[in-house]
file my_file_31.cif (mmCIF, C-alpha atoms)
data_structure
#
loop_
_atom_site.label_atom_id
_atom_site.label_comp_id
_atom_site.auth_asym_id
_atom_site.auth_seq_id
_atom_site.Cartn_x
_atom_site.Cartn_y
_atom_site.Cartn_z
CA MET A 25 0.00 0.00 0.00
CA PRO A 26 1.67 3.25 -1.06
CA VAL A 27 2.12 6.18 1.24
CA THR A 28 2.38 9.30 -0.87
CA ALA A 29 1.59 12.97 -1.01
CA VAL A 30 -1.69 13.62 -2.75
CA PRO A 31 -1.53 16.82 -4.85
CA GLY A 32 -4.57 19.04 -4.71
CA THR A 33 -6.12 17.80 -1.47
CA VAL A 34 -4.24 19.99 1.00
CA PRO A 35 -2.57 23.17 -0.29
CA GLU A 36 1.18 22.78 -0.13
CA PRO A 37 2.61 25.29 2.36
CA LYS A 38 5.35 27.58 1.19
CA SER A 39 8.93 26.79 2.08
CA GLN A 40 10.30 29.37 4.44
CA GLY A 41 13.36 29.74 6.62
CA THR A 42 12.94 29.73 10.38
CA GLU A 43 14.80 32.69 11.85
CA GLY A 44 17.31 31.92 14.55
CA ASN A 45 18.01 28.22 14.02
CA GLY A 46 19.15 28.05 10.42
CA ALA A 47 16.62 25.37 9.46
CA THR A 48 14.36 25.56 6.43
CA VAL A 49 10.90 24.15 7.06
CA LYS A 50 7.50 23.96 5.50
CA THR A 51 5.27 26.42 7.34
CA ARG A 52 1.56 27.08 7.44
CA GLU A 53 -0.44 30.23 8.02
CA LEU A 54 -1.81 30.48 11.56
CA GLY A 55 -5.29 31.53 10.52
CA ARG A 56 -5.27 35.12 9.33
CA THR A 57 -2.74 36.38 11.86
CA GLY A 58 0.03 36.67 9.27
CA ILE A 59 2.13 34.37 11.48
CA ARG A 60 3.60 31.23 9.91
CA VAL A 61 4.17 28.11 11.99
CA SER A 62 5.48 24.59 11.57
CA PRO A 63 2.97 21.72 11.14
CA TYR A 64 4.27 20.26 14.39
CA CYS A 65 3.98 22.38 17.53
CA LEU A 66 6.12 21.40 20.51
CA GLY A 67 3.86 20.93 23.52
CA THR A 68 5.49 21.14 26.94
CA MET A 69 2.89 19.65 29.28
CA MET A 70 5.28 16.78 30.13
CA PHE A 71 8.11 19.09 31.20
CA GLY A 72 8.43 19.39 34.97
CA ARG A 73 7.46 17.27 37.95
CA ALA A 74 4.34 15.98 36.18
CA GLY A 75 6.48 14.32 33.50
CA ASN A 76 10.19 14.92 33.10
CA PRO A 77 11.64 16.66 36.19
CA ASP A 78 15.11 17.06 34.60
CA HIS A 79 15.13 20.72 33.55
CA ASP A 80 18.39 20.49 31.63
CA GLY A 81 17.12 17.41 29.79
CA CYS A 82 13.92 19.23 28.88
CA VAL A 83 15.93 22.19 27.59
CA ARG A 84 17.90 19.82 25.35
CA ILE A 85 14.62 18.40 23.98
CA ILE A 86 13.39 21.92 23.19
CA HIS A 87 16.66 22.81 21.46
CA ARG A 88 16.54 19.62 19.40
CA ALA A 89 13.00 20.44 18.31
CA LEU A 90 14.03 23.96 17.31
CA ASP A 91 17.06 22.67 15.43
CA SER A 92 14.80 20.28 13.51
CA GLY A 93 12.77 23.20 12.16
CA ILE A 94 9.89 23.41 14.64
CA ASN A 95 9.24 27.09 15.33
CA PHE A 96 6.06 26.80 17.40
CA ILE A 97 5.98 26.08 21.16
CA ASP A 98 2.84 25.69 23.28
CA THR A 99 2.77 25.71 27.06
CA ALA A 100 0.43 26.82 29.87
CA ASP A 101 0.68 28.38 33.30
CA VAL A 102 -0.61 25.20 34.97
CA TYR A 103 1.87 22.83 33.29
CA GLY A 104 4.70 21.41 35.30
CA PRO A 105 2.60 21.99 37.45
CA HIS A 106 2.10 25.61 38.49
CA GLY A 107 4.41 27.36 36.04
CA GLU A 108 7.33 24.93 36.08
CA SER A 109 6.94 24.19 32.37
CA GLU A 110 6.97 27.91 31.54
CA ASP A 111 10.15 28.27 33.60
CA ILE A 112 11.79 25.50 31.56
CA VAL A 113 10.69 27.03 28.26
CA GLY A 114 12.05 30.38 29.38
CA LYS A 115 15.46 28.83 30.07
CA ALA A 116 15.49 27.09 26.69
CA LEU A 117 14.60 30.23 24.73
CA LYS A 118 17.35 32.47 26.10
CA GLY A 119 19.12 33.78 23.02
CA ARG A 120 16.65 32.04 20.67
CA ARG A 121 13.38 33.86 21.34
CA ALA A 122 13.25 35.93 18.14
CA GLY A 123 12.60 33.04 15.76
CA ILE A 124 9.97 31.31 17.88
CA VAL A 125 6.18 31.58 17.90
CA LEU A 126 5.48 31.24 21.62
CA ALA A 127 2.04 30.25 22.89
CA THR A 128 0.83 29.84 26.44
CA LYS A 129 -2.51 29.60 28.20
CA VAL A 130 -4.41 31.03 31.15
CA ASN A 131 -7.52 29.85 33.04
CA GLY A 132 -6.34 26.80 34.99
CA THR A 133 -6.39 26.83 38.79
CA MET A 134 -3.01 27.90 40.19
CA SER A 135 -3.75 27.61 43.92
CA ALA A 136 -6.47 27.01 46.48
CA ASP A 137 -7.43 30.67 46.17
CA PRO A 138 -10.65 30.63 44.08
CA ASN A 139 -9.61 33.83 42.31
CA ARG A 140 -6.29 32.42 41.06
CA GLY A 141 -7.83 30.80 38.01
CA GLY A 142 -10.63 31.26 35.52
CA SER A 143 -11.12 33.86 32.82
CA SER A 144 -11.91 37.03 34.76
CA ARG A 145 -10.22 40.32 33.93
CA ARG A 146 -8.81 40.33 37.45
CA TRP A 147 -6.99 37.05 36.95
CA ILE A 148 -5.94 37.43 33.31
CA ILE A 149 -4.29 40.81 33.87
CA ALA A 150 -2.44 39.49 36.93
CA GLU A 151 -1.43 36.10 35.55
CA VAL A 152 -0.03 37.29 32.24
CA GLU A 153 2.67 39.11 34.19
CA GLN A 154 3.66 35.87 35.90
CA SER A 155 3.78 33.99 32.58
CA LEU A 156 5.94 36.71 31.03
CA ARG A 157 8.30 36.52 34.00
CA ARG A 158 8.56 32.73 33.90
CA LEU A 159 9.03 32.69 30.12
CA GLY A 160 11.68 35.41 30.30
CA THR A 161 10.10 37.46 27.54
CA ASP A 162 8.34 40.79 27.07
CA HIS A 163 5.58 39.41 24.87
CA ILE A 164 3.56 36.28 24.14
CA ASP A 165 2.78 35.55 20.50
CA LEU A 166 -0.41 33.61 21.21
CA TYR A 167 -2.24 33.87 24.54
CA GLN A 168 -5.02 31.32 24.86
CA VAL A 169 -7.92 30.79 27.25
CA HIS A 170 -7.36 27.20 28.33
CA HIS A 171 -10.98 26.18 28.97
CA PRO A 172 -14.46 27.65 28.70
CA ASP A 173 -15.48 29.52 31.84
CA PRO A 174 -19.25 29.38 32.37
CA HIS A 175 -18.93 31.77 35.32
CA THR A 176 -17.40 34.66 33.34
CA ASP A 177 -19.04 36.75 30.63
CA ILE A 178 -17.11 36.32 27.38
CA GLU A 179 -17.10 40.11 26.95
CA GLU A 180 -15.20 40.41 30.24
CA THR A 181 -12.58 37.96 29.00
CA LEU A 182 -12.22 39.45 25.52
CA SER A 183 -11.99 42.97 26.95
CA ALA A 184 -9.06 41.99 29.17
CA LEU A 185 -7.31 40.15 26.33
CA THR A 186 -7.86 43.12 24.01
CA ASP A 187 -6.08 45.39 26.47
CA LEU A 188 -3.14 42.98 26.53
CA VAL A 189 -2.89 43.05 22.74
CA ARG A 190 -3.07 46.85 22.68
CA SER A 191 -0.37 47.06 25.35
CA GLY A 192 1.99 44.91 23.24
CA LYS A 193 2.27 42.15 25.84
CA VAL A 194 0.30 39.76 23.61
CA ARG A 195 0.32 39.53 19.82
CA ALA A 196 -2.77 37.37 19.20
CA ILE A 197 -5.40 35.63 21.34
CA GLY A 198 -6.95 32.21 21.08
CA SER A 199 -9.35 29.80 22.73
CA SER A 200 -9.08 26.16 23.67
CA ASN A 201 -11.72 23.43 24.03
CA LEU A 202 -14.57 25.73 23.00
CA PRO A 203 -17.71 24.14 21.52
CA ALA A 204 -18.63 25.51 18.09
CA SER A 205 -21.53 27.53 19.50
CA GLN A 206 -19.25 29.34 21.93
CA ILE A 207 -16.70 30.04 19.19
CA VAL A 208 -19.47 31.76 17.22
CA GLU A 209 -20.66 33.66 20.30
CA ALA A 210 -17.14 34.92 21.02
CA GLN A 211 -16.72 36.08 17.42
CA TRP A 212 -20.07 37.86 17.55
CA VAL A 213 -19.28 39.60 20.85
CA ALA A 214 -15.90 40.75 19.56
CA ASP A 215 -17.49 42.19 16.44
CA ARG A 216 -20.31 43.97 18.28
CA ARG A 217 -18.10 45.38 21.03
CA GLY A 218 -15.08 46.32 18.93
CA LEU A 219 -12.81 43.87 20.73
CA HIS A 220 -9.98 41.69 19.47
CA ARG A 221 -11.28 38.28 18.48
CA PHE A 222 -9.99 34.80 19.01
CA ARG A 223 -7.62 34.02 16.14
CA THR A 224 -7.05 30.38 17.01
CA GLU A 225 -8.72 27.40 18.65
CA GLN A 226 -7.01 24.46 20.37
CA PRO A 227 -9.27 21.37 20.43
CA PRO A 228 -8.56 17.64 20.89
CA TYR A 229 -8.22 15.72 17.62
CA SER A 230 -7.04 12.27 16.65
CA ILE A 231 -8.16 9.27 14.62
CA LEU A 232 -10.14 8.13 17.67
CA ASN A 233 -11.66 11.52 18.44
CA ARG A 234 -12.88 13.17 15.24
CA GLY A 235 -15.88 15.02 16.60
CA ILE A 236 -14.45 18.46 15.76
CA GLU A 237 -14.71 17.62 12.06
CA ARG A 238 -18.48 18.05 12.32
CA GLU A 239 -18.74 21.67 13.52
CA VAL A 240 -15.63 23.06 15.23
CA LEU A 241 -13.28 22.83 12.23
CA PRO A 242 -15.82 24.21 9.71
CA VAL A 243 -16.63 27.11 12.05
CA CYS A 244 -12.94 27.87 12.54
CA ARG A 245 -12.38 27.88 8.77
CA ALA A 246 -15.38 30.17 8.30
CA TYR A 247 -13.86 32.72 10.71
CA GLY A 248 -10.31 32.31 9.40
CA MET A 249 -9.05 30.84 12.67
CA GLY A 250 -5.90 28.78 12.98
CA VAL A 251 -6.29 25.42 14.69
CA LEU A 252 -3.61 23.71 16.78
CA VAL A 253 -4.86 20.31 17.91
CA TRP A 254 -3.91 18.54 21.11
CA SER A 255 -3.56 14.82 21.74
CA PRO A 256 -3.12 13.66 18.12
CA LEU A 257 -1.88 10.36 19.61
CA ALA A 258 -5.07 10.05 21.71
CA MET A 259 -3.25 10.34 25.05
CA GLY A 260 -0.94 7.49 24.04
CA LEU A 261 -3.51 5.04 22.65
CA LEU A 262 -2.19 5.61 19.13
CA THR A 263 1.35 4.63 20.04
CA GLY A 264 0.43 0.94 20.18
CA ARG A 265 1.53 0.70 23.78
CA TYR A 266 -1.99 0.01 25.03
CA ARG A 267 -3.38 -3.18 23.48
CA LYS A 268 -6.58 -5.13 23.89
CA GLY A 269 -5.90 -8.13 26.07
CA GLY A 270 -2.37 -6.95 26.71
CA PRO A 271 -0.73 -6.23 30.07
CA THR A 272 -2.02 -3.24 31.98
CA VAL A 273 0.32 -0.28 31.67
CA ARG A 274 0.67 1.28 35.10
CA ASN A 275 1.79 4.87 34.77
CA ALA A 276 0.69 8.40 35.62
CA ARG A 277 -1.35 8.65 32.43
CA MET A 278 -3.36 5.56 33.37
CA LYS A 279 -4.27 7.30 36.63
CA TRP A 280 -5.11 10.52 34.80
CA VAL A 281 -7.33 9.19 31.96
CA PRO A 282 -8.24 5.61 32.98
CA ARG A 283 -11.58 5.44 31.18
CA HIS A 284 -10.04 6.65 27.93
CA LEU A 285 -7.12 4.21 28.02
CA THR A 286 -9.31 1.21 28.87
CA ASP A 287 -12.26 1.96 26.56
CA GLU A 288 -12.95 -1.31 24.73
CA ARG A 289 -14.31 0.50 21.66
CA LYS A 290 -11.14 2.54 21.32
CA LEU A 291 -8.95 -0.50 21.86
CA ASP A 292 -10.92 -2.34 19.16
CA ALA A 293 -10.18 0.53 16.75
CA VAL A 294 -6.49 0.45 17.68
CA GLU A 295 -6.36 -3.26 16.86
CA GLN A 296 -7.68 -2.45 13.39
CA LEU A 297 -5.33 0.50 12.88
CA ILE A 298 -2.15 -1.39 13.76
CA PRO A 299 -2.29 -3.75 10.73
CA LEU A 300 -3.29 -0.83 8.51
CA ALA A 301 -0.16 1.05 9.60
CA GLU A 302 1.97 -2.05 9.06
CA GLU A 303 0.63 -2.52 5.52
CA ALA A 304 1.46 1.11 4.81
CA GLY A 305 5.00 0.57 6.11
CA LEU A 306 4.48 2.92 9.05
CA SER A 307 4.44 2.83 12.81
CA LEU A 308 1.05 3.55 14.37
CA THR A 309 2.49 6.78 15.80
CA HIS A 310 3.53 8.07 12.38
CA LEU A 311 0.17 7.10 10.86
CA ALA A 312 -1.66 8.99 13.60
CA MET A 313 0.45 12.14 13.32
CA ALA A 314 0.19 12.21 9.51
CA PHE A 315 -3.58 11.86 9.81
CA ALA A 316 -3.85 14.79 12.22
CA ILE A 317 -2.06 17.28 9.97
CA THR A 318 -3.79 16.10 6.78
CA HIS A 319 -7.09 17.84 7.54
CA PRO A 320 -7.14 21.21 5.71
CA GLY A 321 -8.65 22.87 8.78
CA VAL A 322 -5.74 21.87 11.02
CA THR A 323 -2.79 24.25 11.13
CA SER A 324 -0.52 22.41 13.52
CA ALA A 325 -0.56 19.27 15.69
CA ILE A 326 0.87 19.47 19.19
CA ILE A 327 3.45 16.84 20.04
CA GLY A 328 4.19 16.24 23.71
CA PRO A 329 7.45 14.28 24.10
CA ARG A 330 8.63 13.46 27.60
CA THR A 331 12.04 12.18 26.51
CA MET A 332 14.50 12.76 23.69
CA GLU A 333 13.66 9.28 22.39
CA HIS A 334 10.00 10.24 22.09
CA LEU A 335 10.91 13.40 20.19
CA GLU A 336 13.26 11.62 17.78
CA ASP A 337 10.56 9.08 16.94
CA LEU A 338 8.04 11.85 16.22
CA LEU A 339 10.52 13.79 14.09
CA ALA A 340 11.30 10.65 12.07
CA GLY A 341 7.71 10.63 10.79
CA ALA A 342 7.36 14.35 10.14
CA ALA A 343 7.55 13.99 6.35
CA VAL A 344 4.97 11.19 6.11
CA THR A 345 1.84 11.89 4.06
CA LEU A 346 -1.06 9.50 3.53
CA ASP A 347 -2.73 8.63 0.24
CA ASP A 348 -6.48 8.38 -0.33
CA GLU A 349 -6.57 4.61 0.09
CA VAL A 350 -5.10 4.79 3.58
CA LEU A 351 -7.36 7.70 4.55
CA ASP A 352 -10.44 5.87 3.22
CA ARG A 353 -9.58 2.84 5.31
CA ILE A 354 -9.18 5.01 8.39
CA ASP A 355 -12.63 6.46 7.66
CA ARG A 356 -14.07 2.94 7.65
CA ILE A 357 -12.55 2.19 11.04
CA VAL A 358 -13.59 5.50 12.63
CA ALA A 359 -16.27 7.42 10.77
CA PRO A 360 -15.58 11.10 10.03
CA GLY A 361 -17.01 13.50 12.58
CA THR A 362 -17.33 10.93 15.36
CA ASP A 363 -15.71 10.40 18.75
CA ILE A 364 -15.24 6.87 20.03
CA GLY A 365 -16.08 7.94 23.53
CA PRO A 366 -14.84 11.09 25.30
CA ILE A 367 -11.41 11.74 26.78
CA ASP A 368 -11.55 11.95 30.57
CA VAL A 369 -10.00 15.44 30.56
CA SER A 370 -12.05 16.87 27.68
CA TYR A 371 -14.34 19.79 28.45
CA THR A 372 -17.82 18.75 29.51
CA PRO A 373 -20.37 21.59 29.57
CA PRO A 374 -22.30 22.14 32.81
CA SER A 375 -25.55 21.27 31.02
CA VAL A 376 -24.26 17.71 30.61
CA GLN A 377 -22.06 17.45 33.68
CA HIS A 378 -24.58 18.38 36.37
CA PRO A 379 -27.76 16.29 36.79
CA ALA A 380 -29.64 19.28 38.21
CA LEU A 381 -29.35 21.03 34.83
CA ARG A 382 -30.81 18.13 32.87
CA ARG A 383 -33.50 16.87 35.27
CA ARG A 384 -36.52 18.61 36.68
CA SER A 385 -36.55 18.66 40.48
CA ALA A 386 -38.21 15.84 42.38
CA ASP A 387 -41.03 18.21 43.41
CA GLU A 388 -41.63 19.23 39.79
CA ARG A 389 -41.71 15.61 38.66
CA ALA A 390 -44.08 14.74 41.46
CA ALA A 391 -46.38 17.61 40.50
CA VAL A 392 -46.50 16.37 36.93
CA ALA A 393 -47.31 12.86 38.14
CA ARG A 394 -50.25 14.23 40.14
#

call {"tool": "encode", "arguments": {"input": "my_file_31.cif", "output": "structure tokens"}}
result
Amino acid sequence: MPVTAVPGTVPEPKSQGTEGNGATVKTRELGRTGIRVSPYCLGTMMFGRAGNPDHDGCVRIIHRALDSGINFIDTADVYGPHGESEDIVGKALKGRRAGIVLATKVNGTMSADPNRGGSSRRWIIAEVEQSLRRLGTDHIDLYQVHHPDPHTDIEETLSALTDLVRSGKVRAIGSSNLPASQIVEAQWVADRRGLHRFRTEQPPYSILNRGIEREVLPVCRAYGMGVLVWSPLAMGLLTGRYRKGGPTVRNARMKWVPRHLTDERKLDAVEQLIPLAEEAGLSLTHLAMAFAITHPGVTSAIIGPRTMEHLEDLLAGAAVTLDDEVLDRIDRIVAPGTDIGPIDVSYTPPSVQHPALRRRSADERAAVAR
């Protein structure tokens, strides 16, 4: 089964040098921001005590990624946890900041204080200063709201982010994990109130979780938004490490997303994808990454290596493209626009999460019965 580039399906990005590291890479437009980024974005969630506690080792991983031609780094204030990942990125970018598109996020809970988290103006204006300090920079290229915040008016959030753009501390703003309806609402509010609008969205996307193909990706394309997708390897399921009937892998990830990693339907799909990858002459990891960046609505896929070995394996598959036959067979295993079950850490709206919002009270039900 051939694995080839298919002319005409996805516009070929222009070849462009990446300032500061001497590499020449294929880059893509990050929505309509005018910024160009590599198809792989280096995610740093695994840098720090939550993953790799060796700061110097993490710095070497970042430098290797930059030397390979990756010019896009994504982190968050909560990674590490509590800013440790941003500290590591800041160390790695000393002397190399100019050529890098640097993205971070705000919204996650940073302490027991209920006001040290969320998307309020109070918190955003305070926390951006801490991220800038940890990152060792005077500006953030892409500042993203990590999760929807049902307790904060979107106008409040966009107003604060607009002030950061106007001050020069932030170049562009983005959202993460927003349902399509909330993406539209945010765009509408920005237009009506004369505020800066979200230029990017960061949703989950993989062969096993294709739900964003139905509405999120089309909405983002309609508004000219760039899309950087997280978990293209489905939290590790698409590495082949987790197999149906195989030994239980006991690690931190299994404790974090146990339902996802033990979902029989997802494991069934993995068992079908492994022979498909083998017939195509690919590892499952390379098949999964190539799939994620094939969609024309996806700008960049976030890779999250914990070790240098992980990074080298991902880089080895960076040039892989899939032909129509392979993509059609993937579609038969997991239908377009469908999720094979949720990811434990995916955003669940309050209307689904809380029984009180989807059930009438016992008194109301009793009154109806009478």

call {"tool": "closest_residue", "arguments": {"input": "my_file_31.cif", "among": "A:Arg195, A:Arg245, A:Lys115, A:Arg84", "to": "Gly55 (chain A)", "atoms": "only C-alpha atoms"}}
result
A:Arg245

call {"tool": "residues_around", "arguments": {"input": "my_file_31.cif", "residues": "Ala74 (chain A)", "least_positions_apart": "5", "cutoff": "8 Å", "atoms": "only C-alpha atoms", "output": "ChimeraX atom specification"}}
result
/A:69,103-105

call {"tool": "closest_residue", "arguments": {"input": "my_file_31.cif", "among": "A:Ile298, A:Leu166, A:Cys82, A:Leu90", "to": "Val189 (chain A)", "atoms": "only C-alpha atoms"}}
result
A:Leu166

call {"tool": "closest_residue", "arguments": {"input": "my_file_31.cif", "among": "A:Cys65, A:Ala214, A:Ala343, A:Ala390", "to": "Val322 (chain A)", "atoms": "all atoms listed in the file"}}
result
A:Cys65

call {"tool": "resolve_selection", "arguments": {"input": "my_file_31.cif", "expression": "the PyMOL selection byres ((chain A and resi 106) around 10)", "output": "PyMOL selection string"}}
result
chain A and resi 72-73+100-105+107-111+132-135

call {"tool": "atom_distance", "arguments": {"input": "my_file_31.cif", "atom1": "CA of Arg158 (chain A)", "atom2": "CA of Pro77 (chain A)"}}
result
16.5 Å

call {"tool": "closest_residue", "arguments": {"input": "my_file_31.cif", "among": "A:Leu188, A:Leu291, A:Met259, A:Gly114", "to": "Glu153 (chain A)", "atoms": "only C-alpha atoms"}}
result
A:Leu188

call {"tool": "closest_residue", "arguments": {"input": "my_file_31.cif", "among": "A:Ala196, A:Glu179, A:Ser191, A:Ile357", "to": "Val213 (chain A)", "atoms": "only C-alpha atoms"}}
result
A:Glu179

call {"tool": "residues_near_point", "arguments": {"input": "my_file_31.cif", "point": "(-19.9, 11.6, 15.2)", "cutoff": "7 Å", "atoms": "only C-alpha atoms", "output": "ChimeraX atom specification"}}
result
/A:235,360-363

call {"tool": "closest_residue", "arguments": {"input": "my_file_31.cif", "among": "A:Ala314, A:Leu381, A:Ala293, A:Leu185", "to": "Asp347 (chain A)", "atoms": "all atoms listed in the file"}}
result
A:Ala314
